[in-house]
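**Student:** One file is attached below, entry_35.txt, containing compact mmCIF, C-alpha atoms and all ligand atoms.
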```
# COMPACT_ATOMS: atom_id res chain seq x y z
CA MET E 1 260.13 42.58 265.44
CA PRO E 2 261.62 44.78 262.71
CA ILE E 3 260.61 47.44 260.25
CA LYS E 4 261.46 45.82 256.94
CA ILE E 5 261.89 47.90 253.82
CA GLU E 6 262.05 45.90 250.65
CA ASN E 7 263.19 47.37 247.34
CA LEU E 8 261.32 50.59 248.08
CA SER E 9 261.03 53.38 245.53
CA PHE E 10 258.92 56.51 245.88
CA THR E 11 258.17 59.16 243.27
CA TYR E 12 256.36 62.41 244.10
CA GLN E 13 253.74 63.55 241.57
CA ALA E 14 254.23 60.27 239.73
CA GLY E 15 252.92 60.32 236.17
CA SER E 16 252.99 64.12 235.89
CA GLN E 17 255.61 66.35 234.28
CA TRP E 18 256.76 67.24 237.82
CA ALA E 19 257.44 63.60 238.75
CA TYR E 20 260.43 63.36 241.10
CA ALA E 21 262.02 60.08 242.18
CA ALA E 22 262.78 60.80 245.86
CA LEU E 23 263.73 57.23 246.87
CA LYS E 24 265.23 54.52 244.71
CA SER E 25 265.41 50.80 245.52
CA ILE E 26 265.93 51.02 249.26
CA THR E 27 266.28 47.77 251.20
CA LEU E 28 266.73 48.02 254.97
CA GLU E 29 265.80 46.34 258.21
CA ILE E 30 265.48 48.23 261.50
CA HIS E 31 265.42 46.07 264.63
CA ALA E 32 263.91 46.55 268.08
CA GLY E 33 266.15 48.60 270.35
CA GLU E 34 268.37 49.83 267.51
CA MET E 35 269.38 53.51 267.32
CA VAL E 36 269.87 54.53 263.70
CA ALA E 37 271.15 57.97 262.73
CA LEU E 38 269.93 58.86 259.24
CA TYR E 39 272.04 61.49 257.53
CA GLY E 40 272.17 62.99 254.07
CA GLU E 41 272.17 66.37 252.40
CA THR E 42 269.03 68.42 251.77
CA GLY E 43 266.72 66.62 249.36
CA SER E 44 268.41 63.21 249.78
CA GLY E 45 265.09 61.63 250.87
CA LYS E 46 265.33 61.42 254.70
CA SER E 47 261.87 62.84 255.44
CA THR E 48 260.31 60.82 252.64
CA LEU E 49 261.79 57.62 254.10
CA LEU E 50 260.52 58.39 257.62
CA GLN E 51 257.04 59.18 256.28
CA LEU E 52 257.00 55.82 254.49
CA MET E 53 258.01 54.09 257.75
CA ASN E 54 255.11 55.82 259.51
CA ALA E 55 252.62 54.83 256.78
CA LEU E 56 251.94 58.51 256.10
CA LEU E 57 253.16 57.78 252.60
CA ILE E 58 252.50 54.44 250.92
CA PRO E 59 255.08 52.86 248.60
CA GLN E 60 254.42 52.82 244.89
CA GLN E 61 257.08 50.17 244.40
CA GLY E 62 258.43 47.72 246.97
CA ARG E 63 257.07 47.26 250.49
CA VAL E 64 257.33 48.61 254.02
CA LEU E 65 256.49 46.01 256.68
CA ILE E 66 256.00 47.15 260.27
CA ASP E 67 256.14 44.07 262.50
CA GLY E 68 255.13 42.01 259.50
CA VAL E 69 252.20 44.24 258.45
CA ASP E 70 252.43 45.69 254.93
CA THR E 71 251.64 49.44 255.12
CA GLY E 72 250.31 49.31 251.54
CA LYS E 73 247.60 46.85 252.56
CA ALA E 74 246.53 48.29 255.93
CA ARG E 75 243.27 50.26 256.13
CA GLY E 76 241.28 52.14 258.80
CA VAL E 77 242.01 51.06 262.37
CA ASP E 78 244.99 48.95 261.29
CA LEU E 79 246.58 51.96 259.60
CA GLN E 80 246.04 54.05 262.75
CA ARG E 81 247.67 51.29 264.80
CA LEU E 82 250.72 51.25 262.50
CA ARG E 83 251.09 55.03 262.79
CA ARG E 84 251.00 54.76 266.59
CA LYS E 85 253.47 51.89 266.58
CA ALA E 86 255.93 53.89 264.47
CA GLY E 87 255.49 57.40 265.93
CA LEU E 88 256.81 60.22 263.74
CA LEU E 89 258.07 63.61 264.93
CA PHE E 90 257.63 65.82 261.86
CA GLN E 91 260.48 67.98 260.62
CA TYR E 92 258.18 70.97 261.16
CA PRO E 93 256.22 69.99 264.30
CA GLU E 94 253.63 72.77 263.88
CA GLU E 95 252.28 70.67 261.02
CA GLN E 96 251.28 67.90 263.41
CA MET E 97 249.80 69.99 266.25
CA PHE E 98 246.05 70.48 266.31
CA GLU E 99 245.03 71.42 269.83
CA LEU E 100 245.03 74.88 271.45
CA LYS E 101 246.70 74.04 274.77
CA VAL E 102 249.77 72.04 275.68
CA PHE E 103 247.92 69.55 277.91
CA ASP E 104 245.39 68.64 275.22
CA GLU E 105 248.10 68.25 272.60
CA VAL E 106 250.14 65.77 274.65
CA ALA E 107 246.97 64.06 275.97
CA PHE E 108 245.57 63.47 272.49
CA GLY E 109 247.27 60.08 271.99
CA PRO E 110 246.68 58.62 275.47
CA GLY E 111 243.10 59.94 275.28
CA ASN E 112 242.49 57.59 272.37
CA LEU E 113 243.79 54.59 274.27
CA GLY E 114 240.81 54.26 276.60
CA LEU E 115 242.61 55.49 279.75
CA ASP E 116 240.87 57.36 282.58
CA ARG E 117 241.59 61.02 283.41
CA LEU E 118 244.15 60.32 286.11
CA GLN E 119 246.03 57.85 283.93
CA ILE E 120 246.04 60.34 281.06
CA LYS E 121 247.37 63.10 283.32
CA GLN E 122 250.12 60.77 284.54
CA LYS E 123 251.12 59.92 280.95
CA VAL E 124 251.19 63.62 280.03
CA ARG E 125 253.28 64.43 283.11
CA GLU E 126 255.81 61.67 282.34
CA ALA E 127 256.07 62.60 278.65
CA LEU E 128 256.63 66.30 279.47
CA GLU E 129 259.24 65.40 282.09
CA LEU E 130 261.08 63.26 279.55
CA VAL E 131 261.53 66.30 277.32
CA GLY E 132 262.49 68.48 280.29
CA LEU E 133 259.24 70.42 280.73
CA SER E 134 257.12 70.47 283.89
CA LEU E 135 253.38 69.81 283.76
CA PRO E 136 252.34 72.69 286.10
CA HIS E 137 254.36 75.21 284.11
CA TYR E 138 253.22 74.17 280.69
CA GLN E 139 249.88 72.39 280.79
CA ASN E 140 247.72 75.49 280.29
CA ARG E 141 250.01 77.33 277.90
CA PRO E 142 248.45 78.04 274.50
CA LEU E 143 250.53 76.32 271.81
CA ASN E 144 250.78 79.52 269.79
CA SER E 145 252.53 81.24 272.71
CA LEU E 146 255.46 78.79 272.65
CA SER E 147 258.87 79.24 271.08
CA SER E 148 259.71 76.95 268.18
CA GLY E 149 262.05 74.85 270.38
CA GLU E 150 259.28 74.47 272.98
CA LYS E 151 256.82 73.44 270.26
CA LYS E 152 259.25 70.81 269.08
CA LYS E 153 259.53 69.43 272.63
CA ILE E 154 255.73 69.38 273.03
CA ALA E 155 255.31 67.55 269.73
CA LEU E 156 257.94 65.04 270.87
CA ALA E 157 256.18 64.62 274.23
CA GLY E 158 252.93 63.92 272.35
CA ILE E 159 254.61 61.08 270.48
CA LEU E 160 256.37 59.69 273.55
CA ALA E 161 253.00 59.61 275.36
CA LEU E 162 251.88 57.04 272.77
CA GLU E 163 254.78 54.75 273.74
CA PRO E 164 255.67 53.82 270.16
CA ASP E 165 257.77 50.72 269.41
CA TYR E 166 259.58 52.73 266.73
CA LEU E 167 260.41 56.38 267.27
CA LEU E 168 260.97 58.27 264.02
CA LEU E 169 262.52 61.67 264.65
CA ASP E 170 262.83 64.03 261.68
CA GLU E 171 265.50 66.61 262.52
CA PRO E 172 264.76 66.58 266.25
CA MET E 173 267.86 68.72 266.98
CA ALA E 174 267.12 71.50 264.48
CA GLY E 175 266.40 74.77 266.25
CA LEU E 176 267.31 73.52 269.74
CA ASP E 177 270.02 74.96 271.98
CA ALA E 178 272.84 72.80 273.40
CA GLY E 179 270.74 71.85 276.44
CA GLY E 180 267.79 70.91 274.25
CA ARG E 181 269.97 68.74 272.02
CA GLU E 182 271.38 66.95 275.06
CA GLN E 183 267.81 66.40 276.30
CA VAL E 184 266.89 64.77 272.98
CA ARG E 185 269.91 62.46 273.27
CA GLU E 186 268.78 61.54 276.80
CA VAL E 187 265.26 60.80 275.54
CA ILE E 188 266.74 58.57 272.84
CA LEU E 189 268.87 56.63 275.34
CA HIS E 190 265.96 56.38 277.80
CA MET E 191 263.56 54.98 275.19
CA GLN E 192 266.15 52.60 273.84
CA GLN E 193 267.37 51.28 277.19
CA LYS E 194 264.13 51.31 279.23
CA LYS E 195 261.58 50.44 276.54
CA ASN E 196 263.71 48.75 273.85
CA THR E 197 262.31 51.29 271.36
CA ALA E 198 263.98 51.41 267.96
CA ILE E 199 264.89 54.99 267.03
CA ILE E 200 265.59 56.47 263.63
CA ALA E 201 266.65 60.11 263.78
CA THR E 202 267.69 62.41 260.95
CA SER E 203 270.15 65.28 260.89
CA HIS E 204 272.58 67.17 258.66
CA SER E 205 275.22 67.17 261.34
CA LEU E 206 277.15 63.96 262.08
CA GLN E 207 277.93 65.11 265.61
CA ASP E 208 274.27 65.14 266.65
CA PHE E 209 273.95 61.36 267.13
CA LEU E 210 277.44 59.96 266.79
CA GLU E 211 277.68 59.19 270.51
CA VAL E 212 274.28 57.52 270.83
CA ALA E 213 273.87 55.77 267.47
CA ASP E 214 274.38 52.04 266.92
CA ARG E 215 274.23 52.46 263.19
CA ILE E 216 274.77 55.25 260.67
CA ILE E 217 272.85 55.32 257.42
CA ILE E 218 273.64 58.01 254.86
CA LEU E 219 271.32 58.72 251.95
CA GLN E 220 272.44 60.27 248.71
CA ARG E 221 269.95 61.27 246.03
CA GLY E 222 267.36 58.77 247.25
CA GLY E 223 269.68 55.79 247.59
CA ILE E 224 271.70 54.29 250.45
CA PHE E 225 275.22 55.67 250.28
CA LEU E 226 276.56 54.16 253.52
CA ASP E 227 275.21 51.83 256.23
CA VAL E 228 277.93 51.40 258.87
CA SER E 229 278.58 51.36 262.61
CA PRO E 230 279.70 54.73 264.05
CA VAL E 231 283.23 53.53 264.74
CA MET E 232 283.62 52.55 261.08
CA LEU E 233 282.78 56.06 259.93
CA MET E 234 286.38 57.23 260.25
CA ASP E 235 287.34 54.78 257.49
CA LYS E 236 284.84 56.58 255.24
CA LEU E 237 286.09 60.10 255.97
CA HIS E 238 287.22 60.70 252.39
CA VAL E 239 283.80 59.89 250.87
CA LEU E 240 281.64 61.95 253.27
CA PRO E 241 281.83 65.15 251.14
CA GLN E 242 280.25 63.21 248.25
CA ALA E 243 277.15 62.89 250.45
CA GLY E 244 277.30 66.56 251.49
CA LEU E 245 278.49 65.82 255.03
CA ASN E 246 281.33 67.38 257.02
CA PRO E 247 283.45 65.20 259.31
CA THR E 248 283.27 66.02 263.01
CA VAL E 249 286.07 67.99 264.69
CA SER E 250 287.26 64.76 266.38
CA MET E 251 287.45 62.94 263.06
CA GLU E 252 289.42 65.80 261.49
CA VAL E 253 291.88 66.05 264.39
CA ILE E 254 292.55 62.29 264.34
CA HIS E 255 292.95 62.35 260.57
CA LEU E 256 295.34 65.33 260.58
CA LEU E 257 297.51 63.79 263.30
CA GLN E 258 297.54 60.41 261.56
CA ASN E 259 298.77 62.18 258.43
CA ARG E 260 301.65 63.54 260.52
CA GLY E 261 302.58 60.03 261.54
CA TRP E 262 300.84 59.76 264.93
CA PRO E 263 299.78 56.13 265.54
CA LEU E 264 296.24 57.01 266.61
CA GLU E 265 293.34 54.57 266.64
CA ASN E 266 290.40 55.45 264.38
CA ARG E 267 287.68 54.34 266.74
CA VAL E 268 286.70 57.55 268.52
CA ARG E 269 283.34 59.22 268.71
CA ASN E 270 283.77 62.40 270.72
CA ILE E 271 286.26 65.02 271.88
CA GLU E 272 286.85 63.26 275.21
CA GLU E 273 287.80 59.95 273.57
CA THR E 274 289.95 61.88 271.09
CA ALA E 275 291.80 63.63 273.91
CA GLN E 276 292.33 60.28 275.67
CA GLU E 277 293.67 58.71 272.49
CA ILE E 278 296.10 61.60 271.94
CA ALA E 279 297.21 61.41 275.58
CA ARG E 280 297.75 57.64 275.21
CA VAL E 281 300.09 58.16 272.25
CA ILE E 282 301.95 61.04 273.94
CA LYS E 283 302.53 58.86 277.01
CA GLY E 284 303.75 56.07 274.68
CA GLU E 285 301.22 53.55 276.00
N1 LIG M 1 255.36 66.94 247.93
C1 LIG M 1 256.40 66.88 247.13
N2 LIG M 1 256.27 67.02 245.78
C2 LIG M 1 257.33 66.93 244.96
N3 LIG M 1 258.59 66.70 245.35
C3 LIG M 1 258.79 66.56 246.67
C4 LIG M 1 257.71 66.65 247.63
N4 LIG M 1 258.23 66.47 248.86
C5 LIG M 1 259.56 66.28 248.68
N5 LIG M 1 259.88 66.34 247.38
C6 LIG M 1 261.24 66.19 246.81
O1 LIG M 1 261.76 64.92 247.18
C7 LIG M 1 263.15 65.03 247.52
C8 LIG M 1 263.38 64.43 248.89
O2 LIG M 1 262.73 65.25 249.84
P1 LIG M 1 262.86 65.00 251.40
O3 LIG M 1 262.01 66.01 252.06
O4 LIG M 1 262.60 63.56 251.69
O5 LIG M 1 264.43 65.29 251.62
P2 LIG M 1 265.23 65.47 252.98
O6 LIG M 1 266.45 64.59 252.88
O7 LIG M 1 264.33 65.26 254.13
O8 LIG M 1 265.69 66.99 252.89
P3 LIG M 1 265.95 68.06 254.09
O9 LIG M 1 267.29 67.71 254.66
O10 LIG M 1 265.97 69.37 253.38
O11 LIG M 1 264.84 67.94 255.07
C9 LIG M 1 263.50 66.51 247.43
O12 LIG M 1 264.21 66.76 246.25
C10 LIG M 1 262.17 67.22 247.41
O13 LIG M 1 262.21 68.38 246.60
MG MG M 2 263.70 66.43 255.64
```
Could the structure of this file be written out as structure tokens, please?

**Tutor:**
Amino acid sequence: MPIKIENLSFTYQAGSQWAYAALKSITLEIHAGEMVALYGETGSGKSTLLQLMNALLIPQQGRVLIDGVDTGKARGVDLQRLRRKAGLLFQYPEEQMFELKVFDEVAFGPGNLGLDRLQIKQKVREALELVGLSLPHYQNRPLNSLSSGEKKKIALAGILALEPDYLLLDEPMAGLDAGGREQVREVILHMQQKKNTAIIATSHSLQDFLEVADRIIILQRGGIFLDVSPVMLMDKLHVLPQAGLNPTVSMEVIHLLQNRGWPLENRVRNIEETAQEIARVIKGE
């Protein structure tokens, strides 16, 4: 089942002198098992779009349907169910953490699912392991003693413990070191391949998800600027700056060599594939 977004517009402080149209006429469909990287410069509407997909915000115009249920019409328990189904990692995870200790924070979701203590502990253990943290080391740590990267991982574990059908990650890479970013990519692949979870993850940096994404969506001033497969991105190199995005190093190298007459294929995602493509041309294959 998909998340369907139909002609969606969203204005903050609508009707006041501070009204700001953050999203304009967005139509999209996100399918089970799809990994969508959502890019765009600051203020382009990425967080607003994710919050609408999580029913934290409700459309003023158009509709968001999660597995056929209109978020604008859901109330009470149904709204809670939608928010669990489309789990959102906030851009600033502190804003979604309420407990004092790590264990209670990650256990909050499973605790509401009617599981017994052992089952809850198992869910917490698995979720922490997925983000690379061990239960014995972390379970009793006070949340306010954690680094910001650790907090982000705990918030992510809390969402994974709910086993959402749609995983909405708002800047999951921001503030993480290289190992942490790789861990997030592994979580994405795990959820996609083992659970058929659809993932929508935002970033300012193309490189963050280029290797794991099935689809790239770029927002510009609240509208969809591009919606393409990652291998098609090279063809759009010249328009990326209009959306405030830099090409990756691989894209630039391929482009520069092509300009010098090298017959290189466009369809590369990372440095390794780029090196292989250059080697192929040098060898005259
Ligand atoms: N509560 C609010 N009231 C008024 N305007 C808002 C509010 N929240 C966001 N906006 C505006 O809506 C626009 C889109 O914001 P949003 O947070 O969705 O952008 P973003 O693409 O996530 O940006 P960033 O990359 O900086 O996280 C911005 O111009 C922002 O100033
Ligand atoms: Mg944002």

**Student:** Counting only C-alpha atoms and all ligand atoms, which residues of chain E sit at most 10 Å from some atom of ligand LIG 1 (chain M), and what is each one's closest atom pair with its distance in Å to one decimal, listed by chain and rising residue number, as CSV?

**Tutor:**
```
residue,atom,partner,partner_atom,distance
E:Phe10,CA,M:LIG1,O1,9.0
E:Thr11,CA,M:LIG1,O1,7.8
E:Tyr12,CA,M:LIG1,C2,4.7
E:Gln13,CA,M:LIG1,C2,6.0
E:Ala14,CA,M:LIG1,C2,9.0
E:Trp18,CA,M:LIG1,C2,7.2
E:Ala19,CA,M:LIG1,C2,7.0
E:Tyr20,CA,M:LIG1,N3,5.7
E:Ala21,CA,M:LIG1,O1,7.0
E:Ala22,CA,M:LIG1,O1,4.4
E:Leu23,CA,M:LIG1,C8,7.5
E:Leu38,CA,M:LIG1,O6,9.2
E:Tyr39,CA,M:LIG1,O6,7.9
E:Gly40,CA,M:LIG1,O6,6.1
E:Glu41,CA,M:LIG1,O9,5.5
E:Thr42,CA,M:LIG1,O9,3.4
E:Gly43,CA,M:LIG1,O5,3.5
E:Ser44,CA,M:LIG1,O6,3.9
E:Gly45,CA,M:LIG1,O4,3.3
E:Lys46,CA,M:LIG1,O6,3.8
E:Ser47,CA,M:LIG1,O7,3.7
E:Thr48,CA,M:LIG1,O4,3.7
E:Leu49,CA,M:LIG1,O4,6.5
E:Leu50,CA,M:LIG1,O4,8.1
E:Gln51,CA,M:LIG1,O4,8.4
E:Leu52,CA,M:LIG1,O4,10.0
E:Gln91,CA,M:LIG1,O11,7.1
E:Tyr92,CA,M:LIG1,O11,9.5
E:Asp170,CA,M:LIG1,O7,7.8
E:Glu171,CA,M:LIG1,O11,7.6
E:Thr202,CA,M:LIG1,O7,8.1
E:Ser203,CA,M:LIG1,O9,7.3
E:His204,CA,M:LIG1,O9,6.7
E:Ile218,CA,M:LIG1,O6,9.9
E:Leu219,CA,M:LIG1,O6,7.7
E:Gln220,CA,M:LIG1,O6,8.5
E:Arg221,CA,M:LIG1,C8,7.8
E:Gly222,CA,M:LIG1,C8,7.1
```

**Student:** Report the distance between atom CA of Glu273 of chain E and atom CA of Lys194 of chain E in Å, rounded to one decimal place.

**Tutor:**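 Calculated distance between atom CA of Glu273 of chain E and atom CA of Lys194 of chain E is 25.8 Å.
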
**Student:** Find, counting all atoms listed in the file, the residue in E:Ala157, E:Val228, E:Leu88, E:Val268 that gets nearest to Val187 of chain E.

**Tutor:**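 Under the stated criterion, the closest residue is E:Ala157.
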
**Student:** List the spatial neighbours of Ala275 of chain E as a PDB file with C-alpha atoms, in the coordinates of the input - criterion: any atom at most 12 Å away, only C-alpha atoms, same-chain residues fewer than 3 positions off excluded.

**Tutor:**
```pdb
ATOM      1  CA  VAL E 249     286.070  67.990 264.690  1.00  0.00           C
ATOM      2  CA  SER E 250     287.260  64.760 266.380  1.00  0.00           C
ATOM      3  CA  MET E 251     287.450  62.940 263.060  1.00  0.00           C
ATOM      4  CA  VAL E 253     291.880  66.050 264.390  1.00  0.00           C
ATOM      5  CA  ILE E 254     292.550  62.290 264.340  1.00  0.00           C
ATOM      6  CA  LEU E 264     296.240  57.010 266.610  1.00  0.00           C
ATOM      7  CA  GLU E 265     293.340  54.570 266.640  1.00  0.00           C
ATOM      8  CA  VAL E 268     286.700  57.550 268.520  1.00  0.00           C
ATOM      9  CA  ARG E 269     283.340  59.220 268.710  1.00  0.00           C
ATOM     10  CA  ASN E 270     283.770  62.400 270.720  1.00  0.00           C
ATOM     11  CA  ILE E 271     286.260  65.020 271.880  1.00  0.00           C
ATOM     12  CA  GLU E 272     286.850  63.260 275.210  1.00  0.00           C
ATOM     13  CA  ILE E 278     296.100  61.600 271.940  1.00  0.00           C
ATOM     14  CA  ALA E 279     297.210  61.410 275.580  1.00  0.00           C
ATOM     15  CA  ARG E 280     297.750  57.640 275.210  1.00  0.00           C
ATOM     16  CA  VAL E 281     300.090  58.160 272.250  1.00  0.00           C
ATOM     17  CA  ILE E 282     301.950  61.040 273.940  1.00  0.00           C
TER      18      ILE E 282
END
```

**Student:** Could you list, as a list in words, every residue within 9 Å of Gly132 of chain E, counting only C-alpha atoms and ignoring same-chain residues fewer than 2 positions away?

**Tutor:**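 Counting only C-alpha atoms, the residues come to Ala127, Leu128, Glu129, Leu130, Ser134, Lys153, Gly180 and Gln183 of chain E.
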
**Student:** What would the file look like if the residues just selected were written as a PDB file, in the frame of the given file with C-alpha atoms?

**Tutor:**
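File result12.pdb, as written:
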```pdb
ATOM      1  CA  ALA E 127     256.070  62.600 278.650  1.00  0.00           C
ATOM      2  CA  LEU E 128     256.630  66.300 279.470  1.00  0.00           C
ATOM      3  CA  GLU E 129     259.240  65.400 282.090  1.00  0.00           C
ATOM      4  CA  LEU E 130     261.080  63.260 279.550  1.00  0.00           C
ATOM      5  CA  SER E 134     257.120  70.470 283.890  1.00  0.00           C
ATOM      6  CA  LYS E 153     259.530  69.430 272.630  1.00  0.00           C
ATOM      7  CA  GLY E 180     267.790  70.910 274.250  1.00  0.00           C
ATOM      8  CA  GLN E 183     267.810  66.400 276.300  1.00  0.00           C
TER       9      GLN E 183
END
```

**Student:** Sort by chain and increasing residue number a table of all residues of segment 161-268 of chain E within 9 Å of segment 63-84 of chain E, each with its closest pair of atoms and their distance in Å to one decimal, counting all atoms listed in the file, and write it as a Markdown table.

**Tutor:**
```
| residue | atom | partner | partner_atom | distance |
| --- | --- | --- | --- | --- |
| E:Leu162 | CA | E:Arg84 | CA | 6.6 |
| E:Glu163 | CA | E:Arg84 | CA | 8.1 |
| E:Pro164 | CA | E:Arg84 | CA | 6.0 |
| E:Asp165 | CA | E:Arg84 | CA | 8.4 |
| E:Tyr166 | CA | E:Arg84 | CA | 8.8 |
```
